[in-house]
$ cat model.cif   # mmCIF, C-alpha atoms
data_my_file
loop_
_atom_site.label_atom_id
_atom_site.label_comp_id
_atom_site.auth_asym_id
_atom_site.auth_seq_id
_atom_site.Cartn_x
_atom_site.Cartn_y
_atom_site.Cartn_z
CA MET A 1063 26.61 21.50 0.86
CA ILE A 1064 29.74 19.62 -0.30
CA LYS A 1065 29.73 17.60 2.90
CA THR A 1066 26.08 16.64 2.36
CA ILE A 1067 26.71 15.57 -1.25
CA VAL A 1068 29.75 13.50 -0.31
CA MET A 1069 27.91 11.87 2.56
CA SER A 1070 24.93 11.07 0.31
CA LEU A 1071 27.20 9.45 -2.26
CA LEU A 1072 28.95 7.40 0.43
CA ILE A 1073 25.65 6.15 1.83
CA PHE A 1074 24.26 5.32 -1.60
CA ALA A 1075 27.46 3.57 -2.75
CA GLY A 1076 27.69 1.61 0.47
CA MET A 1077 24.11 0.41 0.27
CA VAL A 1078 24.43 -0.61 -3.37
CA ALA A 1079 27.62 -2.53 -2.56
CA TYR A 1080 26.08 -4.39 0.37
CA ASP A 1081 22.90 -5.10 -1.60
CA SER A 1082 24.84 -6.42 -4.61
CA ALA A 1083 27.07 -8.56 -2.44
CA THR A 1084 24.13 -10.61 -1.19
CA SER A 1085 21.98 -10.61 -4.34
CA LYS A 1086 21.41 -13.94 -6.05
CA PRO A 1087 19.93 -14.83 -9.48
CA THR A 1088 16.20 -15.57 -9.46
CA PRO A 1089 15.80 -19.35 -8.91
CA THR A 1090 13.87 -21.42 -11.47
CA THR A 1091 12.76 -23.94 -8.82
CA PRO A 1092 11.57 -23.49 -5.20
CA PRO A 1093 14.53 -23.20 -2.80
CA THR A 1094 15.45 -26.23 -0.70
CA LYS A 1095 15.45 -26.04 3.11
CA GLN A 1096 19.24 -25.67 3.05
CA GLU A 1097 19.01 -22.85 0.51
CA GLN A 1098 16.37 -21.11 2.62
CA GLN A 1099 18.64 -21.33 5.66
CA GLN A 1100 21.51 -19.88 3.62
CA GLN A 1101 19.29 -17.03 2.41
CA GLN A 1102 18.44 -16.26 6.04
CA ILE A 1103 22.13 -16.26 6.95
CA ASN A 1104 22.89 -13.93 4.02
CA LYS A 1105 20.13 -11.60 5.20
CA HIS A 1106 21.59 -11.47 8.72
CA GLU A 1107 25.09 -10.90 7.34
CA LYS A 1108 23.81 -8.06 5.18
CA SER A 1109 22.01 -6.50 8.16
CA ALA A 1110 25.14 -6.74 10.31
CA ALA A 1111 27.32 -5.23 7.58
CA MET A 1112 24.84 -2.41 7.04
CA ALA A 1113 24.67 -1.72 10.78
CA LEU A 1114 28.47 -1.50 10.91
CA PHE A 1115 28.55 0.83 7.91
CA VAL A 1116 25.88 3.14 9.32
CA SER A 1117 27.59 3.20 12.74
CA LEU A 1118 30.57 4.92 11.10
CA LEU A 1119 28.35 7.81 9.97
CA PRO A 1120 26.76 10.63 11.99
CA ASP A 1121 23.48 9.93 13.80
CA ARG A 1122 20.86 9.04 11.18
CA LYS A 1123 18.41 11.53 12.67
CA THR A 1124 20.73 14.32 11.55
CA TRP A 1125 20.81 13.19 7.91
CA PRO A 1126 18.99 15.41 5.39
CA SER A 1127 15.71 13.94 4.09
CA PRO A 1128 17.09 12.68 0.72
CA MET A 1129 19.84 10.76 2.51
CA GLN A 1130 17.35 9.19 4.90
CA LYS A 1131 15.24 8.09 1.93
CA PHE A 1132 18.32 6.53 0.29
CA TYR A 1133 18.79 4.46 3.41
CA LEU A 1134 15.10 3.58 3.62
CA ALA A 1135 14.98 2.46 -0.02
CA PHE A 1136 17.49 -0.29 0.75
CA ASN A 1137 16.17 -1.15 4.22
CA MET A 1138 12.38 -1.16 3.85
CA GLU A 1139 12.06 -4.19 6.11
CA GLU A 1140 12.85 -1.93 9.08
CA VAL A 1141 9.42 -0.34 8.57
CA ILE A 1142 7.49 -3.23 7.02
CA ASP A 1143 8.44 -6.05 9.40
CA PRO A 1144 6.92 -4.31 12.47
CA ILE A 1145 3.72 -3.63 10.47
CA ARG A 1146 3.36 -7.34 9.76
CA GLN A 1147 3.81 -8.18 13.45
CA ASN A 1148 0.88 -5.98 14.49
CA PRO A 1149 -1.82 -8.08 16.26
CA GLN A 1150 -4.39 -6.44 13.95
CA TRP A 1151 -2.62 -7.83 10.85
CA THR A 1152 -5.01 -9.60 8.46
CA PRO A 1153 -3.62 -11.66 5.53
CA LEU A 1154 -5.36 -11.40 2.16
CA LYS A 1155 -6.51 -15.01 2.44
CA SER A 1156 -8.24 -14.21 5.75
CA MET A 1157 -10.51 -11.49 4.38
CA SER A 1158 -13.42 -11.49 1.97
CA GLN A 1159 -11.96 -11.51 -1.54
CA ASP A 1160 -14.46 -8.81 -2.47
CA ILE A 1161 -12.38 -6.36 -0.40
CA PRO A 1162 -9.19 -6.37 -2.52
CA LYS A 1163 -11.25 -6.60 -5.71
CA ALA A 1164 -13.33 -3.56 -4.76
CA LEU A 1165 -10.26 -1.56 -3.77
CA ILE A 1166 -8.43 -2.37 -7.01
CA ALA A 1167 -11.51 -1.58 -9.12
CA ILE A 1168 -11.92 1.95 -7.79
CA GLU A 1169 -8.33 2.91 -6.97
CA ASP A 1170 -6.09 1.12 -9.49
CA HIS A 1171 -7.96 -1.29 -11.78
CA ASP A 1172 -4.83 -2.30 -13.75
CA TYR A 1173 -2.80 -2.89 -10.59
CA TYR A 1174 -1.50 -6.34 -11.51
CA ASN A 1175 -0.49 -5.34 -15.04
CA HIS A 1176 1.59 -2.18 -14.59
CA GLY A 1177 4.70 -1.31 -12.62
CA ALA A 1178 5.05 0.81 -9.52
CA ILE A 1179 4.22 3.93 -11.52
CA ALA A 1180 1.65 4.06 -14.34
CA VAL A 1181 1.95 7.18 -16.46
CA ASP A 1182 -0.94 6.12 -18.70
CA GLY A 1183 -3.02 5.66 -15.55
CA VAL A 1184 -2.49 9.27 -14.57
CA LEU A 1185 -3.68 10.49 -17.98
CA ARG A 1186 -6.60 8.04 -18.06
CA ALA A 1187 -7.76 9.08 -14.58
CA LEU A 1188 -7.66 12.74 -15.63
CA LEU A 1189 -9.91 12.04 -18.63
CA VAL A 1190 -12.33 9.89 -16.61
CA ASN A 1191 -12.66 12.54 -13.92
CA ILE A 1192 -13.26 15.32 -16.47
CA THR A 1193 -15.93 13.20 -18.20
CA ALA A 1194 -17.64 12.32 -14.91
CA GLY A 1195 -17.51 15.88 -13.61
CA GLU A 1196 -16.06 14.60 -10.32
CA VAL A 1197 -13.05 12.69 -9.02
CA VAL A 1198 -13.85 9.05 -9.76
CA GLN A 1199 -10.30 7.72 -10.12
CA GLY A 1200 -6.95 8.72 -8.71
CA GLY A 1201 -3.75 8.92 -10.73
CA SER A 1202 -1.44 7.24 -8.21
CA THR A 1203 -0.98 3.48 -8.18
CA LEU A 1204 -1.76 1.53 -5.01
CA THR A 1205 1.98 1.11 -4.55
CA GLN A 1206 2.50 4.88 -4.63
CA GLN A 1207 -0.39 5.40 -2.23
CA PHE A 1208 1.10 2.94 0.25
CA VAL A 1209 4.52 4.58 0.02
CA LYS A 1210 3.02 8.03 0.54
CA ASN A 1211 0.97 6.89 3.53
CA VAL A 1212 3.69 4.92 5.31
CA PHE A 1213 7.07 6.31 4.29
CA LEU A 1214 6.44 9.96 3.43
CA THR A 1215 4.51 13.08 4.36
CA HIS A 1216 1.62 14.43 2.27
CA GLU A 1217 3.60 17.52 1.35
CA GLN A 1218 3.12 18.49 -2.30
CA SER A 1219 6.63 19.15 -3.61
CA MET A 1220 8.87 17.97 -6.42
CA GLU A 1221 11.32 16.48 -3.92
CA ARG A 1222 8.60 14.40 -2.28
CA LYS A 1223 7.31 13.22 -5.67
CA ILE A 1224 10.80 12.04 -6.62
CA GLU A 1225 11.18 10.25 -3.28
CA GLU A 1226 7.77 8.63 -3.79
CA ALA A 1227 8.77 7.38 -7.24
CA ILE A 1228 12.09 5.93 -6.06
CA LEU A 1229 10.59 4.23 -3.00
CA SER A 1230 7.70 2.84 -5.06
CA LEU A 1231 10.10 1.29 -7.57
CA MET A 1232 12.21 -0.19 -4.78
CA LEU A 1233 9.13 -1.52 -2.99
CA GLU A 1234 7.93 -3.41 -6.07
CA ASP A 1235 11.45 -4.72 -6.58
CA ASN A 1236 11.41 -6.31 -3.12
CA TYR A 1237 7.78 -7.25 -2.53
CA THR A 1238 5.12 -8.96 -4.64
CA LYS A 1239 1.91 -7.27 -5.76
CA ASP A 1240 -0.10 -9.37 -3.28
CA GLU A 1241 2.25 -8.43 -0.44
CA ILE A 1242 1.95 -4.73 -1.25
CA LEU A 1243 -1.86 -4.97 -1.51
CA GLU A 1244 -1.93 -6.76 1.84
CA LEU A 1245 0.26 -4.03 3.37
CA TYR A 1246 -1.99 -1.34 1.91
CA LEU A 1247 -5.16 -2.85 3.37
CA ASN A 1248 -3.54 -3.26 6.79
CA THR A 1249 -2.19 0.29 7.05
CA THR A 1250 -4.70 2.55 5.28
CA TYR A 1251 -6.83 4.93 7.33
CA PHE A 1252 -10.52 4.19 6.74
CA GLY A 1253 -11.97 6.97 8.89
CA ALA A 1254 -13.61 7.03 12.35
CA GLY A 1255 -10.26 6.15 13.98
CA ALA A 1256 -10.01 2.87 12.06
CA ASN A 1257 -6.54 2.02 10.77
CA GLY A 1258 -6.40 -1.10 8.64
CA ILE A 1259 -9.06 -3.45 7.35
CA LYS A 1260 -9.65 -5.32 10.63
CA GLN A 1261 -10.49 -2.16 12.58
CA ALA A 1262 -12.58 -0.79 9.71
CA ALA A 1263 -14.71 -3.94 9.34
CA ASN A 1264 -15.35 -4.02 13.08
CA LYS A 1265 -15.94 -0.26 13.40
CA TYR A 1266 -18.51 0.01 10.63
CA PHE A 1267 -20.15 -3.42 10.60
CA GLY A 1268 -19.13 -5.20 13.81
CA LYS A 1269 -17.71 -8.01 11.69
CA ALA A 1270 -14.41 -9.65 10.84
CA PRO A 1271 -12.98 -8.84 7.37
CA SER A 1272 -13.77 -12.40 6.28
CA ALA A 1273 -17.49 -11.90 6.92
CA LEU A 1274 -18.13 -8.81 4.79
CA SER A 1275 -20.62 -8.99 1.94
CA LEU A 1276 -19.91 -7.54 -1.50
CA ALA A 1277 -21.93 -4.42 -0.67
CA GLU A 1278 -20.03 -3.94 2.62
CA ALA A 1279 -16.66 -4.49 0.92
CA ALA A 1280 -17.60 -1.75 -1.56
CA VAL A 1281 -18.23 0.62 1.36
CA ILE A 1282 -14.75 -0.12 2.72
CA ALA A 1283 -13.18 0.46 -0.72
CA ALA A 1284 -15.02 3.78 -0.99
CA LEU A 1285 -13.30 5.23 2.08
CA PRO A 1286 -9.58 5.76 1.17
CA TYR A 1287 -10.61 8.53 -1.23
CA ALA A 1288 -11.89 10.69 1.66
CA PRO A 1289 -11.99 8.65 4.89
CA SER A 1290 -13.33 11.35 7.21
CA ALA A 1291 -15.78 12.96 4.79
CA LEU A 1292 -17.21 9.59 3.68
CA ASN A 1293 -17.41 7.97 7.12
CA PRO A 1294 -20.73 6.07 6.75
CA LEU A 1295 -21.56 6.43 10.44
CA GLU A 1296 -21.73 10.20 9.96
CA ASN A 1297 -22.34 10.63 6.24
CA PRO A 1298 -24.19 7.55 4.91
CA GLN A 1299 -25.65 9.43 1.92
CA ASP A 1300 -22.33 10.45 0.35
CA CYS A 1301 -20.74 7.13 1.30
CA LYS A 1302 -23.56 5.34 -0.52
CA LYS A 1303 -22.89 7.39 -3.66
CA ARG A 1304 -19.23 6.42 -3.58
CA GLN A 1305 -20.11 2.79 -2.85
CA LEU A 1306 -22.22 2.68 -6.01
CA LEU A 1307 -19.25 4.01 -7.99
CA VAL A 1308 -17.13 1.18 -6.56
CA LEU A 1309 -19.72 -1.44 -7.53
CA ALA A 1310 -20.03 0.04 -11.03
CA ALA A 1311 -16.23 -0.11 -11.43
CA MET A 1312 -16.17 -3.73 -10.28
CA HIS A 1313 -18.75 -4.60 -12.92
CA LYS A 1314 -17.01 -2.57 -15.62
CA TYR A 1315 -13.71 -4.39 -15.08
CA GLY A 1316 -15.29 -7.85 -14.94
CA MET A 1317 -14.91 -8.49 -11.20
CA ILE A 1318 -18.63 -9.06 -10.65
CA ASN A 1319 -21.51 -9.96 -12.97
CA GLN A 1320 -24.77 -8.12 -13.58
CA ALA A 1321 -26.70 -10.17 -11.02
CA GLN A 1322 -24.11 -9.52 -8.30
CA LEU A 1323 -24.13 -5.82 -9.15
CA ALA A 1324 -27.91 -5.59 -8.90
CA GLU A 1325 -28.03 -7.49 -5.59
CA ALA A 1326 -25.25 -5.42 -3.99
CA LYS A 1327 -26.80 -2.12 -5.11
CA THR A 1328 -30.10 -2.94 -3.44
CA GLU A 1329 -28.69 -4.52 -0.27
CA ARG A 1330 -29.74 -2.59 2.84
CA ILE A 1331 -26.51 -2.50 4.80
CA ARG A 1332 -26.81 -2.33 8.56
CA LEU A 1333 -24.04 -0.29 10.18
CA SER A 1334 -22.73 -0.87 13.70
CA ASN A 1335 -24.70 2.12 15.04
CA GLY A 1336 -27.96 0.69 13.72
CA THR A 1337 -28.17 2.98 10.69
CA ARG A 1338 -29.27 1.45 7.38
CA MET A 1339 -27.75 2.60 4.10
#
$ encode --input "model.cif" --output "C-alpha cells"
Amino acid sequence: MIKTIVMSLLIFAGMVAYDSATSKPTPTTPPTKQEQQQQQINKHEKSAAMALFVSLLPDRKTWPSPMQKFYLAFNMEEVIDPIRQNPQWTPLKSMSQDIPKALIAIEDHDYYNHGAIAVDGVLRALLVNITAGEVVQGGSTLTQQFVKNVFLTHEQSMERKIEEAILSLMLEDNYTKDEILELYLNTTYFGAGANGIKQAANKYFGKAPSALSLAEAAVIAALPYAPSALNPLENPQDCKKRQLLVLAAMHKYGMINQAQLAEAKTERIRLSNGTRM
C-alpha cells in the first residue's frame, strides 16, 4: 500500500512538473509561424521528457487503475490522436449541422455554457424525467459521456465516478467544446454495429453525414440513449418516439422553428432496408 501511494505521488508530481515546464500564457493574438514551430518543439520535448520519466518506473500495465488514470489525464493525446487519424473521421464542418444541434438538444442542451460537469444539469434532468414519467434527459454532460465511453469502463462505482470527473475536467482544459463534440460524434456507438457518425449515417440511411435531413439527424441523435434497443432497422416504432422527443427539444431550445418542427415530424424517412418510419 505504501509503495503504491509513493509511486502515485511520484507519477503525479512528475507529470505536473513536466506540464508546468512547457505551459505558456494564453496568447491575445494568433501565434506566428515561428511561434507555432516553437510550440511543436515544446510538445516534442515534453513528450520525450515524459517518456524518459515513465521509463524509470515499472511497466505501466502493472500500475493500479488510479495511477494509470493520473498518467492518462496528462497524456490524453495518446488516445485522442489515433481517433482523429481514423479513415472514418468526419469533422463537424463536413456533416449536416442538424446532427450536432439535435444531439446537444436531447443530451446536453446547455453544453456550450457549462463546464465539464454540470451539477444543476443533473438535478434538472431528474425533475424533467420525473415529470415526463420516462427518461427524457441524462444527467451527464457530453464531455462526461465521451470520457466514460472512451477512457473508462461502465462500472458503477465511486472510484470510477471520481476518475470520470477528473478526466472530464482535464479534457475540457485541453480541448475546445467543438473538438470534444466532434470526438463524441466520431466515437459514439449508434447501434447495428455502427461506431461514429459516418458509419451510422451510411448504415441507417445509405448517406454521408453531410446529406442527412433534419428528421434523419434527429434519428441519429435519438440513438446514444439506447443504441441497440432503438435501432430503427429493428425497432422503428420506439425509435420514432425518441426522434419526436429530439425534435421537440430542438424546438424548445430555439434550434429549429415551428415550421421546421412540423415538416420534420411528418417526414416519411426511408431507411436503408426500405422501411419507412
$ atom_distance --input "model.cif" --atom1 "CA of Ser1272 (chain A)" --atom2 "CA of Trp1151 (chain A)"
12.9 Å
$ residues_near_point --input "model.cif" --point "(-11.4, -8.5, 6.1)" --cutoff "7 Å" --atoms "all atoms listed in the file" --output "MDAnalysis selection string"
chainID A and resid 1152 1156:1158 1161 1259:1260 1263 1270:1272 1274
$ resolve_selection --input "model.cif" --expression "the PyMOL selection byres ((chain A and resi 1337) around 12)" --output "list in words"
Tyr1266, Phe1267, Pro1294, Leu1295, Glu1296, Asn1297, Pro1298, Gln1299, Arg1330, Ile1331, Arg1332, Leu1333, Ser1334, Asn1335, Gly1336, Arg1338 and Met1339 of chain A
$ closest_residue --input "model.cif" --among "A:Thr1238, A:Leu1276, A:Leu1285, A:Leu1233" --to "Met1312 (chain A)" --atoms "all atoms listed in the file"
A:Leu1276
$ closest_atom_pairs --input "model.cif" --of "region 1254-1337 of chain A" --to "region 1206-1215 of chain A" --cutoff "12 Å" --atoms "only C-alpha atoms" --output "CSV"
residue,atom,partner,partner_atom,distance
A:Asn1257,CA,A:Asn1211,CA,11.5
A:Gly1258,CA,A:Phe1208,CA,12.0
A:Pro1286,CA,A:Gln1207,CA,9.8
A:Tyr1287,CA,A:Gln1207,CA,10.7
$ atom_distance --input "model.cif" --atom1 "CA of Val1141 (chain A)" --atom2 "CA of Ala1227 (chain A)"
17.6 Å
$ resolve_selection --input "model.cif" --expression "the PyMOL selection byres ((chain A and resi 1224) around 12)" --output "number ranges by chain"
A: 1127-1128, 1131-1132, 1179, 1206, 1209-1210, 1214, 1218-1223, 1225-1231
$ closest_residue --input "model.cif" --among "A:Leu1292, A:Lys1303, A:Ser1275, A:Ala1284" --to "Gln1159 (chain A)" --atoms "all atoms listed in the file"
A:Ser1275
$ atom_distance --input "model.cif" --atom1 "CA of Leu1247 (chain A)" --atom2 "CA of Pro1162 (chain A)"
8.0 Å
$ closest_residue --input "model.cif" --among "A:Asn1148, A:Ala1288, A:Leu1204, A:Glu1244" --to "Ala1167 (chain A)" --atoms "only C-alpha atoms"
A:Leu1204
$ residues_around --input "model.cif" --residues "Ile1142 (chain A)" --least-positions-apart "3" --cutoff "10 Å" --atoms "only C-alpha atoms" --output "count of residues only"
9
$ residues_around --input "model.cif" --residues "Val1308 (chain A)" --least-positions-apart "6" --cutoff "9 Å" --atoms "only C-alpha atoms" --output "PyMOL selection string"
chain A and resi 1164-1165+1167-1169+1280-1281+1283-1284
$ decode --input "model.cif" --residues "region 1205-1330 of chain A" --atoms "C-alpha atoms" --output "compact mmCIF listing (two decimals), in the first residue's frame"
# COMPACT_ATOMS: atom_id res chain seq x y z
CA THR A 1205 -17.90 15.63 -22.06
CA GLN A 1206 -18.55 13.10 -19.30
CA GLN A 1207 -20.24 10.74 -21.74
CA PHE A 1208 -17.25 10.87 -24.08
CA VAL A 1209 -14.83 10.23 -21.22
CA LYS A 1210 -16.89 7.29 -19.99
CA ASN A 1211 -17.15 5.77 -23.46
CA VAL A 1212 -13.51 6.17 -24.48
CA PHE A 1213 -11.36 6.25 -21.35
CA LEU A 1214 -13.29 4.24 -18.76
CA THR A 1215 -15.47 1.20 -18.18
CA HIS A 1216 -19.21 1.44 -17.47
CA GLU A 1217 -18.72 0.12 -13.95
CA GLN A 1218 -20.88 1.97 -11.42
CA SER A 1219 -18.54 2.78 -8.54
CA MET A 1220 -17.39 5.83 -6.61
CA GLU A 1221 -13.83 5.35 -7.86
CA ARG A 1222 -14.96 5.38 -11.48
CA LYS A 1223 -17.12 8.47 -10.90
CA ILE A 1224 -14.13 10.32 -9.45
CA GLU A 1225 -11.95 9.25 -12.38
CA GLU A 1226 -14.67 10.41 -14.78
CA ALA A 1227 -14.84 13.82 -13.12
CA ILE A 1228 -11.07 14.34 -13.16
CA LEU A 1229 -10.66 13.22 -16.77
CA SER A 1230 -13.61 15.35 -17.87
CA LEU A 1231 -12.10 18.45 -16.28
CA MET A 1232 -8.72 17.73 -17.86
CA LEU A 1233 -10.32 17.09 -21.25
CA GLU A 1234 -12.07 20.47 -21.28
CA ASP A 1235 -8.84 22.10 -20.15
CA ASN A 1236 -7.03 20.77 -23.22
CA TYR A 1237 -9.69 20.65 -25.93
CA THR A 1238 -12.38 23.07 -27.10
CA LYS A 1239 -16.10 22.34 -26.88
CA ASP A 1240 -16.26 21.87 -30.66
CA GLU A 1241 -13.33 19.44 -30.58
CA ILE A 1242 -14.97 17.39 -27.83
CA LEU A 1243 -18.32 17.36 -29.66
CA GLU A 1244 -16.52 16.24 -32.82
CA LEU A 1245 -14.77 13.47 -30.87
CA TYR A 1246 -18.08 12.38 -29.34
CA LEU A 1247 -19.82 12.09 -32.70
CA ASN A 1248 -16.91 10.13 -34.18
CA THR A 1249 -16.64 7.59 -31.35
CA THR A 1250 -20.17 7.01 -30.06
CA TYR A 1251 -21.87 3.67 -30.71
CA PHE A 1252 -25.11 4.24 -32.63
CA GLY A 1253 -26.29 0.62 -32.75
CA ALA A 1254 -26.34 -2.03 -35.52
CA GLY A 1255 -22.52 -2.21 -35.43
CA ALA A 1256 -22.15 1.46 -36.34
CA ASN A 1257 -19.41 3.32 -34.48
CA GLY A 1258 -19.27 7.02 -35.22
CA ILE A 1259 -21.44 9.31 -37.29
CA LYS A 1260 -20.12 8.25 -40.71
CA GLN A 1261 -20.95 4.57 -40.18
CA ALA A 1262 -24.31 5.43 -38.61
CA ALA A 1263 -25.43 7.68 -41.48
CA ASN A 1264 -24.45 5.03 -44.02
CA LYS A 1265 -25.89 2.11 -42.03
CA TYR A 1266 -29.33 3.62 -41.47
CA PHE A 1267 -29.80 5.88 -44.49
CA GLY A 1268 -27.12 4.96 -47.04
CA LYS A 1269 -25.95 8.57 -46.96
CA ALA A 1270 -22.96 10.66 -45.96
CA PRO A 1271 -23.34 12.68 -42.72
CA SER A 1272 -23.47 15.87 -44.79
CA ALA A 1273 -26.59 14.69 -46.63
CA LEU A 1274 -28.87 13.96 -43.67
CA SER A 1275 -32.13 15.85 -43.33
CA LEU A 1276 -33.31 17.33 -40.03
CA ALA A 1277 -35.62 14.36 -39.44
CA GLU A 1278 -32.77 11.89 -40.12
CA ALA A 1279 -30.36 13.81 -37.88
CA ALA A 1280 -32.95 13.55 -35.08
CA VAL A 1281 -32.99 9.77 -35.54
CA ILE A 1282 -29.20 9.68 -35.13
CA ALA A 1283 -29.38 11.85 -32.00
CA ALA A 1284 -32.03 9.53 -30.56
CA LEU A 1285 -29.70 6.52 -30.56
CA PRO A 1286 -26.98 7.17 -27.90
CA TYR A 1287 -29.62 6.82 -25.18
CA ALA A 1288 -30.18 3.13 -26.06
CA PRO A 1289 -28.39 2.27 -29.33
CA SER A 1290 -29.37 -1.39 -29.56
CA ALA A 1291 -32.94 -1.06 -28.27
CA LEU A 1292 -33.69 1.94 -30.51
CA ASN A 1293 -32.02 0.63 -33.68
CA PRO A 1294 -34.53 1.88 -36.30
CA LEU A 1295 -33.87 -1.06 -38.62
CA GLU A 1296 -35.26 -3.38 -35.95
CA ASN A 1297 -37.42 -1.11 -33.79
CA PRO A 1298 -38.69 1.80 -35.93
CA GLN A 1299 -41.70 2.45 -33.66
CA ASP A 1300 -39.73 3.17 -30.47
CA CYS A 1301 -37.03 4.99 -32.44
CA LYS A 1302 -39.72 7.24 -33.91
CA LYS A 1303 -40.98 8.10 -30.41
CA ARG A 1304 -37.48 9.09 -29.34
CA GLN A 1305 -36.93 11.03 -32.57
CA LEU A 1306 -40.02 13.12 -31.81
CA LEU A 1307 -38.60 13.88 -28.36
CA VAL A 1308 -35.38 15.08 -30.03
CA LEU A 1309 -37.29 17.34 -32.42
CA ALA A 1310 -39.39 18.74 -29.56
CA ALA A 1311 -36.20 19.51 -27.60
CA MET A 1312 -34.66 21.24 -30.62
CA HIS A 1313 -37.74 23.45 -30.90
CA LYS A 1314 -37.87 24.11 -27.15
CA TYR A 1315 -34.27 25.34 -27.08
CA GLY A 1316 -34.62 27.50 -30.18
CA MET A 1317 -32.60 25.35 -32.60
CA ILE A 1318 -35.46 24.99 -35.08
CA ASN A 1319 -38.65 26.97 -35.71
CA GLN A 1320 -42.25 25.78 -35.71
CA ALA A 1321 -42.33 25.21 -39.47
CA GLN A 1322 -39.16 23.10 -39.38
CA LEU A 1323 -40.56 21.10 -36.48
CA ALA A 1324 -43.82 20.39 -38.29
CA GLU A 1325 -42.05 19.37 -41.52
CA ALA A 1326 -39.57 17.07 -39.76
CA LYS A 1327 -42.30 15.39 -37.68
CA THR A 1328 -44.27 14.45 -40.78
CA GLU A 1329 -41.32 13.47 -42.99
CA ARG A 1330 -41.52 9.82 -44.04
